[in-house]
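What's in coords.cif: mmCIF, C-alpha atoms
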data_data
#
loop_
_atom_site.label_atom_id
_atom_site.label_comp_id
_atom_site.auth_asym_id
_atom_site.auth_seq_id
_atom_site.Cartn_x
_atom_site.Cartn_y
_atom_site.Cartn_z
CA MET A 150 -263.87 97.67 182.92
CA LYS A 151 -265.31 94.29 183.76
CA ARG A 152 -265.17 93.05 187.31
CA LYS A 153 -262.90 90.11 186.52
CA THR A 154 -260.50 92.35 184.59
CA SER A 155 -260.37 94.93 187.37
CA LEU A 156 -259.81 92.20 189.95
CA MET A 157 -256.92 90.73 187.95
CA LEU A 158 -255.39 94.16 187.31
CA GLY A 159 -255.77 95.10 190.98
CA ASN A 160 -254.17 91.88 192.18
CA SER A 161 -251.33 92.29 189.67
CA LEU A 162 -250.66 95.84 190.83
CA MET A 163 -250.73 94.73 194.45
CA GLY A 164 -248.25 91.94 193.68
CA PHE A 165 -245.95 94.24 191.72
CA GLY A 166 -246.13 96.83 194.49
CA MET A 167 -245.17 94.20 197.07
CA VAL A 168 -242.21 93.06 194.96
CA MET A 169 -241.08 96.69 194.57
CA MET A 170 -241.32 97.34 198.30
CA ILE A 171 -239.36 94.20 199.17
CA ALA A 172 -236.71 94.96 196.53
CA GLY A 173 -236.39 98.54 197.75
CA LEU A 174 -236.10 97.38 201.34
CA ALA A 175 -233.46 94.78 200.40
CA CYS A 176 -231.42 97.37 198.50
CA SER A 177 -231.67 99.79 201.42
CA VAL A 178 -230.43 97.16 203.86
CA LEU A 179 -227.68 95.96 201.51
CA ASN A 180 -226.57 99.57 201.04
CA GLN A 181 -225.53 99.62 204.70
CA LEU A 182 -222.97 96.85 204.19
CA PRO A 183 -219.47 98.24 203.67
CA GLN A 184 -218.52 95.47 201.20
CA LEU A 185 -221.07 96.64 198.66
CA HIS A 186 -220.40 100.01 197.12
CA PHE A 187 -223.72 101.32 195.86
CA THR A 188 -223.85 104.75 194.34
CA THR A 189 -226.00 107.40 195.95
CA LEU A 190 -228.38 107.19 193.02
CA VAL A 191 -229.07 103.51 193.77
CA ALA A 192 -229.51 104.27 197.46
CA HIS A 193 -232.03 107.02 196.79
CA ALA A 194 -233.80 104.92 194.16
CA ALA A 195 -234.18 102.11 196.70
CA ILE A 196 -235.93 104.42 199.16
CA MET A 197 -238.11 105.85 196.39
CA GLY A 198 -238.93 102.29 195.28
CA ILE A 199 -240.45 101.57 198.68
CA PHE A 200 -242.82 104.50 198.36
CA ILE A 201 -243.69 103.81 194.72
CA GLY A 202 -244.36 100.17 195.65
CA ALA A 203 -246.69 101.31 198.43
CA LEU A 204 -248.56 103.56 195.99
CA LEU A 205 -248.89 100.69 193.52
CA TRP A 206 -250.14 98.47 196.32
CA LEU A 207 -252.79 101.01 197.32
CA THR A 208 -253.83 101.58 193.70
CA GLY A 209 -254.18 97.84 193.17
CA ALA A 210 -256.20 97.48 196.36
CA ARG A 211 -258.53 100.23 195.22
CA LEU A 212 -258.94 98.73 191.74
CA GLY A 213 -259.37 95.18 192.98
CA GLY A 214 -261.89 96.03 195.68
CA HIS A 215 -259.66 95.25 198.67
CA GLU A 216 -259.69 98.75 200.15
CA ARG A 217 -262.03 97.96 203.03
CA VAL A 218 -260.58 96.77 206.33
CA SER A 219 -262.26 93.67 207.61
CA ASP A 220 -263.58 93.51 211.17
CA ARG A 221 -261.81 90.24 211.78
CA TYR A 222 -258.52 91.99 212.52
CA TRP A 223 -257.75 91.98 216.22
CA TRP A 224 -256.41 95.51 216.43
CA VAL A 225 -259.34 97.03 214.58
CA ARG A 226 -261.93 95.23 216.70
CA ARG A 227 -260.45 96.30 219.99
CA PHE A 228 -258.94 99.72 219.43
CA ASP A 229 -260.77 101.36 216.54
CA ASP A 230 -263.56 103.55 217.87
CA ARG A 231 -265.77 102.88 214.86
CA CYS A 232 -265.91 99.16 215.68
CA ARG A 233 -266.71 99.42 219.38
CA ARG A 234 -270.18 98.62 220.63
CA THR A 235 -270.05 100.95 223.62
CA GLU A 236 -271.63 104.38 223.49
CA HIS A 237 -269.40 107.43 223.87
CA HIS A 238 -271.08 110.27 225.76
#
Represent the structure contained in this file as structure tokens.
Amino acid sequence: MKRKTSLMLGNSLMGFGMVMMIAGLACSVLNQLPQLHFTTLVAHAAIMGIFIGALLWLTGARLGGHERVSDRYWWVRRFDDRCRRTEHH
């Protein structure tokens, strides 16, 4: 697969995964409202949609080349042992 094609496919999968996670989260929250009567199948599908969306996100990140964590993130720089400059003896 060409680089441009894999980048586009990866970004599309990441976008679709994000939409699925947000939709699953919204359905899960709306399921808690007593005015809306969702069936148990919809409630379980909403939870499963969050996990499937996360898997699509990770697959898209792997395909598109976004799987590496950048050192510019504050948490990684300060608390990840691989990014520290001090020696551990």
Completion exercise
With distances taken over all atoms listed in the file, the candidate from A:Ala210, A:Thr189, A:Lys153, A:Gly202 nearest Gly173 (chain A) is A:Gly202
Practice task
For Leu204 (chain A), list every protein, DNA or RNA residue within 12 Å, evaluated using only C-alpha atoms, and leave out those in the same chain fewer than 5 positions away; present the list as a PyMOL selection string.
Solution key: chain A and resi 162-167+169-170+197-199+209-211
Problem - Which residue of A:Ala172, A:Thr154, A:Phe228, A:Gly159 approaches Phe200 (chain A) most closely, using all atoms listed in the file - result: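 Closest candidate: A:Ala172.
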Excluding Leu156 (chain A) and any residue of its chain fewer than 6 positions from it, enumerate the residues within 8 Å of it, using all atoms listed in the file, and give them as a compact mmCIF listing (two decimals) with C-alpha atoms, in the coordinates of the input.
# COMPACT_ATOMS: atom_id res chain seq x y z
CA LEU A 212 -258.94 98.73 191.74
CA GLY A 213 -259.37 95.18 192.98
CA GLY A 214 -261.89 96.03 195.68
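Matched in the shown structure by the PyMOL selection byres ((chain A and resi 176) around 12): A:Met169, A:Met170, A:Ile171, A:Ala172, A:Gly173, A:Leu174, A:Ala175, A:Ser177, A:Val178, A:Leu179, A:Asn180, A:Gln181, A:Leu182, A:Leu185, A:His186, A:Phe187, A:Thr188, A:Thr189, A:Leu190, A:Val191, A:Ala192, A:His193, A:Ala194, A:Ala195, A:Ile196, A:Met197, A:Gly198, A:Ile199.
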